[in-house]
file input.cif (mmCIF, C-alpha atoms)
data_run
#
loop_
_atom_site.label_atom_id
_atom_site.label_comp_id
_atom_site.auth_asym_id
_atom_site.auth_seq_id
_atom_site.Cartn_x
_atom_site.Cartn_y
_atom_site.Cartn_z
CA MET R 317 9.50 -3.33 -52.86
CA SER R 318 9.92 -4.76 -49.40
CA PHE R 319 12.58 -5.73 -46.87
CA GLY R 320 13.07 -8.39 -44.24
CA TRP R 321 15.51 -8.95 -41.40
CA VAL R 322 16.43 -11.58 -38.83
CA LEU R 323 18.11 -10.89 -35.50
CA ASN R 324 19.97 -13.75 -33.86
CA ASP R 325 22.74 -14.22 -31.34
CA GLY R 326 24.66 -16.73 -33.41
CA LYS R 327 22.60 -19.67 -32.21
CA THR R 328 19.03 -18.59 -31.59
CA GLU R 329 16.66 -16.53 -33.68
CA ILE R 330 15.56 -13.66 -31.45
CA ALA R 331 13.31 -11.58 -33.70
CA THR R 332 12.31 -11.08 -37.31
CA GLY R 333 10.78 -8.21 -39.17
CA PHE R 334 9.61 -7.17 -42.60
CA GLY R 335 7.82 -4.31 -44.24
CA PRO R 336 7.24 -2.21 -47.32
CA CYS R 337 9.94 -0.01 -48.73
CA ASN R 338 8.61 3.43 -49.55
CA GLY R 339 10.17 5.68 -52.15
CA ARG R 340 11.72 4.85 -55.48
CA PRO R 341 12.11 1.13 -56.11
CA SER R 342 15.74 0.02 -55.81
CA SER R 343 17.59 -2.80 -54.10
CA LEU R 344 19.78 -0.23 -52.31
CA ARG R 345 16.71 1.46 -50.82
CA ALA R 346 15.11 -1.85 -49.83
CA GLU R 347 18.25 -3.13 -48.09
CA ALA R 348 18.89 0.21 -46.41
CA ALA R 349 15.29 0.28 -45.15
CA GLY R 350 15.80 -3.19 -43.69
CA MET R 351 19.05 -2.17 -42.01
CA LEU R 352 17.39 0.93 -40.57
CA ALA R 353 14.42 -1.12 -39.35
CA VAL R 354 16.54 -3.62 -37.43
CA THR R 355 18.75 -0.80 -36.10
CA LYS R 356 15.63 0.97 -34.82
CA PHE R 357 14.41 -2.32 -33.32
CA ILE R 358 17.67 -2.79 -31.41
CA SER R 359 17.68 0.82 -30.21
CA THR R 360 14.05 0.55 -29.08
CA ILE R 361 14.84 -2.58 -27.06
CA GLN R 362 17.74 -0.72 -25.45
CA GLN R 363 15.51 2.22 -24.55
CA PHE R 364 12.61 0.23 -23.12
CA THR R 365 14.74 -2.19 -21.12
CA ASN R 366 17.28 0.41 -19.99
CA TYR R 367 19.91 -1.97 -21.36
CA SER R 368 23.14 -0.12 -21.96
CA PRO R 369 26.03 -2.47 -22.69
CA GLY R 370 28.40 0.41 -23.36
CA VAL R 371 29.06 -0.48 -26.96
CA LEU R 372 26.93 -3.13 -28.60
CA LYS R 373 28.68 -5.06 -31.37
CA VAL R 374 26.38 -6.03 -34.24
CA THR R 375 27.15 -7.64 -37.60
CA PHE R 376 24.88 -6.86 -40.53
CA TYR R 377 24.86 -8.94 -43.71
CA ALA R 378 23.72 -7.45 -47.00
CA ASP R 379 24.07 -8.27 -50.66
CA ASN R 380 24.14 -4.64 -51.81
CA LYS R 381 27.76 -3.53 -52.08
CA ALA R 382 26.83 0.15 -52.40
CA LEU R 383 25.07 0.01 -49.01
CA ILE R 384 28.02 -1.74 -47.41
CA THR R 385 30.55 0.70 -48.86
CA ARG R 386 28.59 3.85 -48.03
CA ARG R 387 27.74 2.73 -44.50
CA THR R 388 31.34 1.66 -43.81
CA ASP R 389 32.78 4.87 -45.33
CA HIS R 390 30.52 6.94 -43.07
CA ASN R 391 32.57 5.77 -40.09
CA SER R 392 35.37 8.09 -41.25
CA TYR R 393 33.24 11.26 -40.85
CA THR R 394 30.39 12.33 -38.59
CA THR R 395 28.85 15.19 -40.56
CA PRO R 396 27.97 14.33 -44.15
CA PHE R 397 29.38 16.51 -46.88
CA ALA R 398 26.84 18.43 -48.96
CA ASN R 399 27.42 16.20 -51.98
CA GLN R 400 26.60 13.11 -49.91
CA TRP R 401 22.95 14.22 -49.89
CA LEU R 402 22.91 13.99 -53.69
CA LEU R 403 23.62 10.26 -53.63
CA PRO R 404 20.74 7.79 -53.83
CA GLU R 405 19.14 6.84 -50.52
CA ALA R 406 21.15 9.40 -48.54
CA ASP R 407 18.21 9.81 -46.16
CA LEU R 408 18.33 6.15 -45.12
CA ILE R 409 22.13 5.90 -44.98
CA GLU R 410 22.29 8.96 -42.72
CA SER R 411 19.45 7.70 -40.51
CA ILE R 412 21.22 4.36 -40.04
CA PHE R 413 24.44 6.12 -39.07
CA GLU R 414 22.70 8.53 -36.67
CA CYS R 415 20.74 5.78 -34.92
CA GLN R 416 23.74 3.49 -34.60
CA THR R 417 25.87 6.33 -33.25
CA ALA R 418 23.25 7.57 -30.78
CA HIS R 419 22.73 4.08 -29.34
CA LYS R 420 26.38 3.01 -29.43
CA ILE R 421 25.78 0.22 -31.90
CA ASN R 422 29.18 -0.75 -33.26
CA ALA R 423 28.13 -2.10 -36.64
CA THR R 424 30.13 -4.24 -38.99
CA THR R 425 28.54 -4.81 -42.38
CA LEU R 426 29.58 -7.81 -44.44
CA HIS R 427 28.68 -8.90 -47.95
CA VAL R 428 26.67 -12.04 -48.57
CA LYS R 429 25.80 -13.12 -52.09
CA GLY R 430 22.06 -12.71 -52.59
CA HIS R 431 19.56 -14.60 -54.72
CA GLN R 432 21.53 -17.83 -54.42
CA ASP R 433 18.27 -19.73 -54.17
CA THR R 434 17.77 -19.23 -57.91
CA ASN R 435 20.36 -21.88 -58.71
CA SER R 436 20.47 -23.97 -55.52
CA LYS R 437 18.08 -25.83 -53.31
CA PHE R 438 17.23 -24.06 -50.07
CA GLU R 439 18.69 -26.96 -48.07
CA ASP R 440 22.04 -26.53 -49.84
CA LEU R 441 22.43 -22.82 -49.03
CA LYS R 442 24.93 -21.75 -46.41
CA MET R 443 23.10 -20.11 -43.53
CA ILE R 444 24.77 -17.33 -41.57
CA VAL R 445 24.22 -17.67 -37.84
#
call {"tool": "encode", "arguments": {"input": "input.cif", "output": "structure tokens"}}
result
Amino acid sequence: MSFGWVLNDGKTEIATGFGPCNGRPSSLRAEAAGMLAVTKFISTIQQFTNYSPGVLKVTFYADNKALITRRTDHNSYTTPFANQWLLPEADLIESIFECQTAHKINATTLHVKGHQDTNSKFEDLKMIV
């Protein structure tokens, strides 16, 4: 499996990335790996440019509701409960949270219906910018 991400400011595409998703094959793992990758990209830019906006507001879009729910729920606690580590892809979910917290990335994660291109022409799809 693999992941891909696009970073834009609402008007201009700033960066893109993609890569393999290691571990068991699942859409949750692939989407979480993509979210972690772009989070790491943003944090690396902050580190190397000494850019510290205070709190950086970022909106993530994903079509995996489990990822959205688990990442959003994590905002209500800082230390994961022992049973959280038994859930699928806990390593990635925790890494996303830790990186976003350490670099003051205020993340909102919204659902977007995936695989719409199966039934529609690419030109007819609504693009999020």
call {"tool": "resolve_selection", "arguments": {"input": "input.cif", "expression": "the PyMOL selection byres ((chain R and resi 343-358) around 9)", "output": "number ranges by chain"}}
result
R: 317-323, 332-342, 359-363, 376, 378-383, 404-405, 408-409, 411-413, 415-416, 419, 421
call {"tool": "atom_distance", "arguments": {"input": "input.cif", "atom1": "CA of Lys420 in chain R", "atom2": "CA of Ser392 in chain R"}}
result
15.7 Å
call {"tool": "atom_distance", "arguments": {"input": "input.cif", "atom1": "CA of Thr375 in chain R", "atom2": "CA of Asn422 in chain R"}}
result
8.4 Å
call {"tool": "atom_distance", "arguments": {"input": "input.cif", "atom1": "CA of Tyr377 in chain R", "atom2": "CA of Val428 in chain R"}}
result
6.0 Å
call {"tool": "closest_residue", "arguments": {"input": "input.cif", "among": "R:Phe364, R:Leu426, R:Ile444, R:Arg386", "to": "Trp401 in chain R", "atoms": "only C-alpha atoms"}}
result
R:Arg386
call {"tool": "closest_residue", "arguments": {"input": "input.cif", "among": "R:Glu410, R:Thr385, R:Gly430, R:Thr424", "to": "Phe397 in chain R", "atoms": "only C-alpha atoms"}}
result
R:Glu410
call {"tool": "closest_residue", "arguments": {"input": "input.cif", "among": "R:Val374, R:Lys327, R:Thr395, R:Ser436", "to": "Glu414 in chain R", "atoms": "only C-alpha atoms"}}
result
R:Thr395
call {"tool": "axis_aligned_box", "arguments": {"input": "input.cif", "around": "range 360-364 of chain R", "padding_each_side": "3 Å", "output": "JSON"}}
result
{"center_x": 15.2, "center_y": -0.2, "center_z": -26.1, "size_x": 11.1, "size_y": 10.8, "size_z": 12.0}
